[in-house]
Amino acid sequence: MKRKIYCTFTVIIAALTVVCLYGLVEAKNYKNVVRANYRRCYSELVNYVTDIDTTLSKAVITNDHKQMSLLSEKLWLYSAFAKENLGMLPLSSSELDKTQNFLAQVGDYSYSLAKQLNEGKELTDDQYSQLASLVDYSDTLSSQLLNMEEGVMNGEIPVEF
């Protein structure tokens, strides 16, 4: 009788151990998938902010109405995609708050420019000046995000959930 209880107890302990180990492995795999997704989102965020910087630089120097309209639409799309990736990140910092504000400003401004251009209206000198100030800020922001990206990829800046 004691032997039967001992065997049953051993089987139960072994089964619980297997279930626990399986759960730990699955949890680790899930955590790795989520962490990889966060890193992908951060990399895409950096890429879109870089694209915004490049597109803003082009917008400042173009005089072509159609080209400016296309660039404005690209800016609006890039800012929307960047905001989407930023929204998926669990990071919290003043740079990312500034990034959120910048992306909203670029998105709204480029949308209004695209709408104005599609109505056949020309951009004013003040609007080109505003674009130039956005270029200056986007240069700084791109550099900061690239520096942070190295920290995220190296694990120096933890991306946890």
# chains A, B, ... in the order shown; residues from 1 in each chain; ligands from 1
call {"tool": "residues_around", "arguments": {"residues": "Val46 of chain A", "least_positions_apart": "4", "cutoff": "7 Å", "atoms": "only C-alpha atoms", "output": "list in words"}}
result
Tyr42, Thr50, Ser142, Leu145 and Leu146 of chain A
call {"tool": "residues_around", "arguments": {"residues": "segment 65-68 of chain A", "least_positions_apart": "2", "cutoff": "8 Å", "atoms": "only C-alpha atoms", "output": "ChimeraX atom specification"}}
result
/A:59,62-63,70-72,114,117,122
call {"tool": "write_last_selection", "arguments": {"atoms": "N, CA and C atoms", "output": "PDB file, in the first residue's frame"}}
result
ATOM      1  N   ALA A  59      11.179  68.568 -49.355  1.00  0.00           N
ATOM      2  CA  ALA A  59      10.051  69.499 -49.448  1.00  0.00           C
ATOM      3  C   ALA A  59      10.503  70.950 -49.356  1.00  0.00           C
ATOM      4  N   THR A  62      11.976  71.956 -52.923  1.00  0.00           N
ATOM      5  CA  THR A  62      11.222  71.795 -54.166  1.00  0.00           C
ATOM      6  C   THR A  62      10.353  73.015 -54.462  1.00  0.00           C
ATOM      7  N   ASN A  63      10.252  73.305 -55.733  1.00  0.00           N
ATOM      8  CA  ASN A  63       9.369  74.388 -56.185  1.00  0.00           C
ATOM      9  C   ASN A  63       8.236  73.841 -57.040  1.00  0.00           C
ATOM     10  N   LEU A  70       2.982  65.448 -53.545  1.00  0.00           N
ATOM     11  CA  LEU A  70       3.385  64.056 -53.264  1.00  0.00           C
ATOM     12  C   LEU A  70       4.194  63.951 -51.981  1.00  0.00           C
ATOM     13  N   LEU A  71       5.112  64.884 -51.784  1.00  0.00           N
ATOM     14  CA  LEU A  71       5.931  64.867 -50.567  1.00  0.00           C
ATOM     15  C   LEU A  71       5.068  65.084 -49.321  1.00  0.00           C
ATOM     16  N   SER A  72       4.086  65.964 -49.431  1.00  0.00           N
ATOM     17  CA  SER A  72       3.186  66.208 -48.294  1.00  0.00           C
ATOM     18  C   SER A  72       2.398  64.948 -47.950  1.00  0.00           C
ATOM     19  N   ALA A 114      -1.010  69.175 -48.023  1.00  0.00           N
ATOM     20  CA  ALA A 114      -1.483  68.358 -49.145  1.00  0.00           C
ATOM     21  C   ALA A 114      -2.871  68.803 -49.580  1.00  0.00           C
ATOM     22  N   LEU A 117      -2.530  72.120 -51.381  1.00  0.00           N
ATOM     23  CA  LEU A 117      -1.940  71.939 -52.713  1.00  0.00           C
ATOM     24  C   LEU A 117      -2.923  71.264 -53.675  1.00  0.00           C
ATOM     25  N   GLU A 122      -0.949  77.703 -53.738  1.00  0.00           N
ATOM     26  CA  GLU A 122       0.501  77.655 -53.558  1.00  0.00           C
ATOM     27  C   GLU A 122       0.853  77.794 -52.073  1.00  0.00           C
TER      28      GLU A 122
END
call {"tool": "residues_around", "arguments": {"residues": "segment 74-76 of chain A", "least_positions_apart": "2", "cutoff": "12 Å", "atoms": "only C-alpha atoms", "output": "PyMOL selection string"}}
result
chain A and resi 48-59+67-72+78-83+102-115+131+134-135+138
call {"tool": "residues_around", "arguments": {"residues": "Glu149 of chain A", "least_positions_apart": "5", "cutoff": "9 Å", "atoms": "only C-alpha atoms", "output": "PyMOL selection string"}}
result
chain A and resi 39+42-43+46+144+154+157
call {"tool": "select_by_dssp", "arguments": {"residues": "segment 59-126 of chain A", "states": "helix (DSSP H, G or I)", "output": "number ranges by chain"}}
result
A: 59-61, 65-87, 94-118, 125-126
call {"tool": "closest_residue", "arguments": {"among": "A:Ala27, A:Ile61, A:Leu89, A:Met153", "to": "Ser129 of chain A", "atoms": "only C-alpha atoms"}}
result
A:Ile61
